file upload-v3.cif (mmCIF, C-alpha atoms)
data_query
#
loop_
_atom_site.label_atom_id
_atom_site.label_comp_id
_atom_site.auth_asym_id
_atom_site.auth_seq_id
_atom_site.Cartn_x
_atom_site.Cartn_y
_atom_site.Cartn_z
CA MET A 948 119.70 66.73 -68.74
CA GLU A 949 119.98 69.22 -71.61
CA VAL A 950 121.14 66.86 -74.36
CA ASP A 951 119.56 63.67 -75.71
CA LEU A 952 120.90 62.63 -79.12
CA HIS A 953 119.21 59.22 -79.47
CA THR A 954 115.40 59.00 -79.53
CA HIS A 955 112.66 57.35 -81.59
CA THR A 956 109.11 58.20 -82.64
CA ARG A 957 106.21 56.31 -84.16
CA VAL A 958 107.83 56.89 -87.54
CA SER A 959 109.89 53.82 -86.64
CA ASP A 960 109.36 51.85 -83.43
CA GLY A 961 108.70 54.54 -80.84
CA VAL A 962 105.42 55.20 -79.05
CA LEU A 963 105.11 58.97 -79.46
CA GLU A 964 104.34 61.01 -82.55
CA PRO A 965 107.17 63.42 -83.46
CA GLU A 966 105.19 66.37 -82.11
CA GLU A 967 104.56 64.56 -78.83
CA LEU A 968 108.24 63.72 -78.44
CA VAL A 969 109.14 67.38 -78.94
CA ALA A 970 106.62 68.49 -76.31
CA LEU A 971 107.91 65.91 -73.85
CA ALA A 972 111.51 66.99 -74.46
CA VAL A 973 110.60 70.59 -73.61
CA GLU A 974 108.78 69.40 -70.49
CA LYS A 975 111.91 67.46 -69.43
CA GLY A 976 114.18 70.47 -69.99
CA VAL A 977 116.01 69.00 -73.01
CA ARG A 978 117.61 71.74 -75.14
CA TYR A 979 119.12 69.59 -77.91
CA LEU A 980 117.05 66.66 -79.14
CA GLY A 981 118.38 64.14 -81.65
CA ILE A 982 115.60 62.24 -83.44
CA THR A 983 117.04 59.04 -84.91
CA ASP A 984 114.30 56.79 -86.24
CA HIS A 985 115.28 53.49 -87.83
CA ASP A 986 115.67 53.75 -91.62
CA ALA A 987 113.29 56.73 -91.72
CA THR A 988 113.43 60.52 -91.63
CA ASN A 989 109.82 61.44 -92.39
CA GLY A 990 109.19 62.53 -88.82
CA LEU A 991 111.92 65.17 -88.85
CA SER A 992 110.02 67.95 -90.63
CA ARG A 993 107.07 67.46 -88.28
CA ALA A 994 109.32 67.61 -85.23
CA MET A 995 111.15 70.68 -86.47
CA LYS A 996 107.87 72.47 -87.21
CA LYS A 997 106.63 71.71 -83.69
CA ALA A 998 109.94 72.83 -82.20
CA GLN A 999 109.43 76.29 -83.68
CA GLU A 1000 106.91 76.83 -80.88
CA TYR A 1001 109.72 76.64 -78.30
CA ASP A 1002 112.71 78.96 -78.13
CA SER A 1003 114.51 76.56 -75.80
CA LEU A 1004 114.74 73.51 -78.11
CA THR A 1005 116.97 72.67 -81.06
CA ILE A 1006 116.28 69.54 -83.12
CA ILE A 1007 119.31 67.58 -84.33
CA PRO A 1008 117.98 65.65 -87.35
CA GLY A 1009 119.21 62.08 -87.51
CA VAL A 1010 118.63 58.48 -88.50
CA GLU A 1011 119.67 55.04 -87.21
CA LEU A 1012 120.93 52.33 -89.55
CA SER A 1013 121.53 48.63 -88.81
CA THR A 1014 124.68 47.00 -90.14
CA ASP A 1015 126.10 43.48 -90.12
CA VAL A 1016 129.30 42.19 -88.59
CA PRO A 1017 130.29 38.53 -88.11
CA ASN A 1018 128.03 36.95 -85.48
CA GLY A 1019 126.27 40.19 -84.68
CA GLU A 1020 125.15 43.62 -85.75
CA VAL A 1021 126.29 47.19 -85.25
CA HIS A 1022 124.04 50.24 -85.31
CA LEU A 1023 125.08 53.56 -86.74
CA LEU A 1024 123.58 56.99 -86.09
CA GLY A 1025 123.76 59.72 -88.68
CA TYR A 1026 123.29 63.40 -87.82
CA LEU A 1027 122.65 66.58 -89.79
CA MET A 1028 122.68 64.81 -93.17
CA ASP A 1029 120.94 66.12 -96.29
CA TYR A 1030 118.02 63.83 -95.59
CA HIS A 1031 115.91 65.19 -98.45
CA ASP A 1032 118.41 63.79 -100.97
CA PRO A 1033 116.36 61.58 -103.39
CA GLY A 1034 118.98 58.84 -103.61
CA PHE A 1035 119.28 58.66 -99.83
CA GLN A 1036 115.50 58.41 -99.50
CA ARG A 1037 115.35 55.61 -102.08
CA THR A 1038 117.93 53.67 -100.10
CA LEU A 1039 116.01 54.15 -96.85
CA GLY A 1040 112.86 52.97 -98.65
CA GLN A 1041 114.66 49.78 -99.67
CA PHE A 1042 115.69 49.21 -96.04
CA ARG A 1043 112.10 49.66 -94.86
CA ASN A 1044 110.82 47.21 -97.49
CA ALA A 1045 113.36 44.68 -96.24
CA ARG A 1046 112.06 45.21 -92.70
CA GLU A 1047 108.53 44.36 -93.82
CA GLY A 1048 109.57 41.13 -95.53
CA ARG A 1049 111.55 40.12 -92.50
CA GLY A 1050 108.65 40.93 -90.19
CA ARG A 1051 106.28 38.71 -92.17
CA LYS A 1052 108.67 35.79 -91.92
CA MET A 1053 109.02 36.27 -88.16
CA VAL A 1054 105.24 36.25 -87.72
CA GLU A 1055 105.04 33.05 -89.79
CA LYS A 1056 107.66 31.41 -87.58
CA LEU A 1057 105.87 32.48 -84.40
CA CYS A 1058 102.53 31.16 -85.65
CA ALA A 1059 104.17 27.85 -86.56
CA MET A 1060 105.35 27.65 -82.94
CA GLY A 1061 101.79 28.12 -81.70
CA LEU A 1062 102.22 31.80 -80.83
CA ASP A 1063 99.43 33.05 -83.03
CA ILE A 1064 99.50 36.75 -83.91
CA GLU A 1065 98.07 38.46 -86.97
CA TRP A 1066 100.23 40.28 -89.49
CA ASP A 1067 97.47 42.86 -89.95
CA ARG A 1068 97.67 43.65 -86.24
CA VAL A 1069 101.44 44.15 -86.48
CA LEU A 1070 100.79 46.63 -89.31
CA GLU A 1071 98.20 48.44 -87.17
CA ILE A 1072 100.64 48.74 -84.29
CA ALA A 1073 103.35 50.07 -86.61
CA GLY A 1074 100.97 52.56 -88.23
CA ASP A 1075 102.94 54.66 -90.70
CA GLY A 1076 106.20 53.71 -89.06
CA ALA A 1077 108.99 51.49 -90.35
CA ILE A 1078 108.09 47.98 -89.16
CA GLY A 1079 110.41 46.62 -86.50
CA ARG A 1080 110.66 43.78 -84.02
CA PRO A 1081 109.15 45.87 -81.19
CA HIS A 1082 105.88 45.96 -83.13
CA ILE A 1083 105.84 42.16 -83.31
CA ALA A 1084 106.71 42.02 -79.62
CA GLN A 1085 103.79 44.29 -78.76
CA ALA A 1086 101.45 42.00 -80.72
CA LEU A 1087 102.73 39.05 -78.68
CA VAL A 1088 102.09 40.94 -75.45
CA GLU A 1089 98.56 41.83 -76.55
CA LYS A 1090 97.78 38.17 -77.19
CA GLY A 1091 99.06 37.21 -73.76
CA HIS A 1092 101.87 35.00 -75.07
CA ILE A 1093 104.45 36.96 -73.07
CA ALA A 1094 104.46 39.59 -70.34
CA SER A 1095 106.76 42.20 -71.86
CA VAL A 1096 108.55 43.37 -74.98
CA LYS A 1097 111.86 42.45 -73.36
CA GLU A 1098 110.64 38.88 -72.87
CA ALA A 1099 109.76 38.66 -76.57
CA PHE A 1100 113.31 39.52 -77.54
CA ASN A 1101 114.86 37.24 -74.94
CA LYS A 1102 112.74 34.21 -75.80
CA TYR A 1103 111.73 34.50 -79.44
CA ILE A 1104 112.85 37.35 -81.69
CA GLY A 1105 116.28 38.28 -80.39
CA ARG A 1106 119.25 37.34 -82.53
CA GLN A 1107 119.50 33.89 -80.90
CA GLY A 1108 115.73 33.38 -80.76
CA PRO A 1109 113.87 30.64 -82.69
CA ALA A 1110 111.76 33.16 -84.63
CA TYR A 1111 114.62 35.48 -85.56
CA VAL A 1112 115.05 36.23 -89.26
CA GLU A 1113 118.06 37.88 -90.84
CA ARG A 1114 117.69 40.69 -93.35
CA SER A 1115 120.09 42.23 -95.80
CA ARG A 1116 122.12 45.05 -94.29
CA LEU A 1117 125.10 47.20 -95.04
CA THR A 1118 128.48 46.68 -93.45
CA PRO A 1119 129.46 49.35 -90.90
CA VAL A 1120 131.91 50.90 -93.36
CA GLU A 1121 129.26 50.99 -96.10
CA ALA A 1122 126.83 52.72 -93.73
CA VAL A 1123 129.44 55.33 -92.79
CA LYS A 1124 130.08 56.03 -96.48
CA LEU A 1125 126.34 56.22 -97.20
CA LEU A 1126 125.91 58.94 -94.57
CA ALA A 1127 129.05 60.76 -95.65
CA GLU A 1128 127.68 60.93 -99.22
CA VAL A 1129 124.81 63.09 -97.94
CA ASN A 1130 127.03 65.21 -95.69
CA GLY A 1131 125.99 63.34 -92.57
CA LEU A 1132 128.00 62.93 -89.39
CA PRO A 1133 128.27 59.17 -88.67
CA VAL A 1134 128.33 58.13 -85.01
CA LEU A 1135 128.65 54.57 -83.71
CA ALA A 1136 125.63 53.64 -81.57
CA HIS A 1137 125.60 51.79 -78.19
CA PRO A 1138 129.00 50.10 -78.64
CA GLY A 1139 129.23 48.60 -75.16
CA ASP A 1140 128.92 44.97 -76.28
CA ILE A 1141 130.95 45.17 -79.49
CA GLN A 1142 133.83 42.71 -79.68
CA ASN A 1143 137.21 43.80 -81.09
CA ILE A 1144 136.05 47.40 -81.01
CA ASP A 1145 139.46 48.88 -81.84
CA ALA A 1146 139.60 47.12 -85.21
CA LEU A 1147 136.05 48.19 -86.02
CA LEU A 1148 136.69 51.79 -84.98
CA GLY A 1149 139.84 51.92 -87.09
CA ASP A 1150 138.00 50.82 -90.25
CA MET A 1151 135.02 53.08 -89.58
CA LYS A 1152 137.23 56.07 -88.76
CA ASP A 1153 139.06 55.65 -92.06
CA ALA A 1154 135.66 55.65 -93.82
CA GLY A 1155 134.53 58.87 -92.13
CA LEU A 1156 133.23 58.06 -88.62
CA VAL A 1157 133.22 61.22 -86.48
CA GLY A 1158 131.81 60.06 -83.15
CA MET A 1159 130.67 57.22 -80.92
CA GLU A 1160 128.16 56.88 -78.13
CA VAL A 1161 129.84 56.93 -74.75
CA TYR A 1162 126.93 58.04 -72.58
CA TYR A 1163 124.04 55.63 -73.10
CA ASP A 1164 121.07 54.06 -71.35
CA HIS A 1165 122.19 52.08 -68.28
CA TYR A 1166 125.95 52.06 -68.97
CA PRO A 1167 127.84 51.89 -65.65
CA GLU A 1168 130.67 54.30 -64.88
CA GLU A 1169 133.35 51.73 -65.77
CA MET A 1170 131.84 51.25 -69.24
CA VAL A 1171 131.54 55.00 -69.79
CA ASN A 1172 135.19 55.48 -68.83
CA TYR A 1173 136.29 52.66 -71.13
CA LEU A 1174 134.33 54.02 -74.10
CA ALA A 1175 135.54 57.55 -73.41
CA GLY A 1176 139.07 56.20 -73.69
CA CYS A 1177 138.23 54.58 -77.03
CA ALA A 1178 136.82 57.87 -78.29
CA ARG A 1179 139.99 59.71 -77.29
CA ARG A 1180 142.26 57.16 -78.97
CA PHE A 1181 140.43 57.48 -82.27
CA ASP A 1182 139.73 61.23 -82.01
CA LEU A 1183 135.96 60.71 -82.02
CA ILE A 1184 133.32 62.99 -80.53
CA PRO A 1185 131.87 61.29 -77.40
CA CYS A 1186 128.09 61.36 -77.91
CA GLY A 1187 125.13 59.73 -76.23
CA GLY A 1188 121.47 59.58 -75.43
CA SER A 1189 118.66 57.60 -73.88
CA ASP A 1190 117.55 55.57 -76.92
CA TYR A 1191 114.07 56.58 -75.80
CA HIS A 1192 111.17 54.75 -77.43
CA GLY A 1193 108.33 55.59 -75.04
CA GLU A 1194 106.49 54.35 -72.02
CA GLY A 1195 105.12 50.82 -71.85
CA LEU A 1196 107.97 49.10 -73.69
CA GLY A 1197 109.64 47.51 -70.70
CA ALA A 1198 112.65 48.72 -68.76
CA GLN A 1199 114.29 51.65 -70.48
CA THR A 1200 115.87 54.96 -69.67
CA ASP A 1201 113.59 57.98 -69.64
CA LEU A 1202 113.92 60.79 -72.14
CA GLY A 1203 116.70 63.19 -71.21
CA SER A 1204 117.91 61.13 -68.27
CA VAL A 1205 121.38 60.25 -69.60
CA ASP A 1206 124.09 62.75 -68.67
CA VAL A 1207 125.41 63.73 -72.11
CA PRO A 1208 127.86 66.68 -72.01
CA LEU A 1209 126.70 69.81 -73.80
CA ASP A 1210 130.13 69.90 -75.44
CA SER A 1211 129.21 66.77 -77.44
CA VAL A 1212 126.43 68.42 -79.39
CA LEU A 1213 128.37 71.68 -79.75
CA LYS A 1214 131.22 69.76 -81.39
CA LEU A 1215 128.78 68.06 -83.79
CA LEU A 1216 127.25 71.39 -84.73
CA ALA A 1217 130.67 73.00 -85.21
CA LEU A 1218 131.84 70.13 -87.41
CA ASP A 1219 128.64 70.33 -89.46
CA LYS A 1220 129.14 74.07 -89.96
CA GLU A 1221 132.77 73.56 -90.96
CA ARG A 1222 131.95 70.85 -93.50
CA LYS A 1223 129.07 72.75 -95.08
CA GLY A 1224 131.22 75.86 -95.26
CA LYS A 1225 133.90 73.94 -97.17
CA ALA A 1226 131.26 72.45 -99.49
CA ALA A 1227 129.84 75.89 -100.25
CA ARG A 1228 133.31 77.24 -101.12
CA SER A 1229 134.26 74.31 -103.37
#
call {"tool": "encode", "arguments": {"input": "upload-v3.cif", "output": "structure tokens"}}
result
Amino acid sequence: MEVDLHTHTRVSDGVLEPEELVALAVEKGVRYLGITDHDATNGLSRAMKKAQEYDSLTIIPGVELSTDVPNGEVHLLGYLMDYHDPGFQRTLGQFRNAREGRGRKMVEKLCAMGLDIEWDRVLEIAGDGAIGRPHIAQALVEKGHIASVKEAFNKYIGRQGPAYVERSRLTPVEAVKLLAEVNGLPVLAHPGDIQNIDALLGDMKDAGLVGMEVYYDHYPEEMVNYLAGCARRFDLIPCGGSDYHGEGLGAQTDLGSVDVPLDSVLKLLALDKERKGKAARS
């Protein structure tokens, strides 16, 4: 497939370095690659530099933010924002610091349950990336406590798990506004399991939401059709991607294997050009 707007690198919780992800995308025939690390954009310049080696590939710079809703969470993707903005980077830094504090508490809970893992090893696995639950899950796998990352989430560190720890987050509307402040294009991520989605979309649309993922991971045709209908009702660009993190992290969709229409990325690029043109004239 030519379009994949949802991928991760080692800058957050992916396996590949930004340069490696770019090379793999070219190998897979991807023409438009969205890089959307959690709470971090410091892999974007590296990816864009590497992409200059290939005439066939365009990088769509992005980020993924976590937000809170009652009894759950909602993720938001931001595209083509002014990610060098100092205020935006300070905010992302605060989010990453919150991730580290949360991670420490999760490790403490796991150790208290007899699932001994070392915080230093979690840091080693994360490297320079923003610490996330997949890094803790990988440490559990290494120690032989579980067989897979998916099992770690299901048994221990998922939202209903005994070692889960909350962290401070924005609301969905606040996240949309944060991205809009830096000329980003906010897109609702993997909405297939969101309850009362119409109410949420209404509030987020009023705040500046421009798109939502329709084509994602293992979504069946019925789900895709349902979400496409939601996107039409709220005049949102239907986007999508694989949410690729890398090999060895359990069952996941391969890079570039989700059928995202080329028109999705072309609409994002056109909207970005229109907005920046208006900003330049004002």
call {"tool": "resolve_selection", "arguments": {"input": "upload-v3.cif", "expression": "the PyMOL selection byres ((chain A and resi 1181) around 8)", "output": "list in words"}}
result
Leu1148, Gly1149, Lys1152, Cys1177, Ala1178, Arg1179, Arg1180, Asp1182 and Leu1183 of chain A
call {"tool": "closest_residue", "arguments": {"input": "upload-v3.cif", "among": "A:Ala1045, A:Met1170, A:Val1016, A:Ala1217", "to": "Ala1146 (chain A)", "atoms": "all atoms listed in the file"}}
result
A:Val1016
call {"tool": "resolve_selection", "arguments": {"input": "upload-v3.cif", "expression": "the PyMOL selection byres ((chain A and resi 1058-1074) around 8)", "output": "MDAnalysis selection string"}}
result
chainID A and resid 957 959:960 1051 1054:1057 1075:1079 1082:1083 1085:1087 1090 1092
call {"tool": "atom_distance", "arguments": {"input": "upload-v3.cif", "atom1": "CA of Pro1008 (chain A)", "atom2": "CA of Leu991 (chain A)"}}
result
6.3 Å
call {"tool": "closest_residue", "arguments": {"input": "upload-v3.cif", "among": "A:Pro1138, A:Pro1017, A:Pro1133, A:Gly1009", "to": "Leu952 (chain A)", "atoms": "all atoms listed in the file"}}
result
A:Gly1009
call {"tool": "atom_distance", "arguments": {"input": "upload-v3.cif", "atom1": "CA of Ala987 (chain A)", "atom2": "CA of Gly1224 (chain A)"}}
result
26.5 Å
call {"tool": "residues_around", "arguments": {"input": "upload-v3.cif", "residues": "region 1119-1130 of chain A", "least_positions_apart": "6", "cutoff": "8 Å", "atoms": "all atoms listed in the file", "output": "list in words"}}
result
Leu1012, Thr1014, Asp1015, Val1016, Val1021, His1022, Leu1023, Gly1025, Leu1027, Met1028, Asp1029, Tyr1030, Asp1032, Phe1035, Asp1150, Met1151, Ala1154, Gly1155, Leu1156, Arg1222 and Lys1223 of chain A
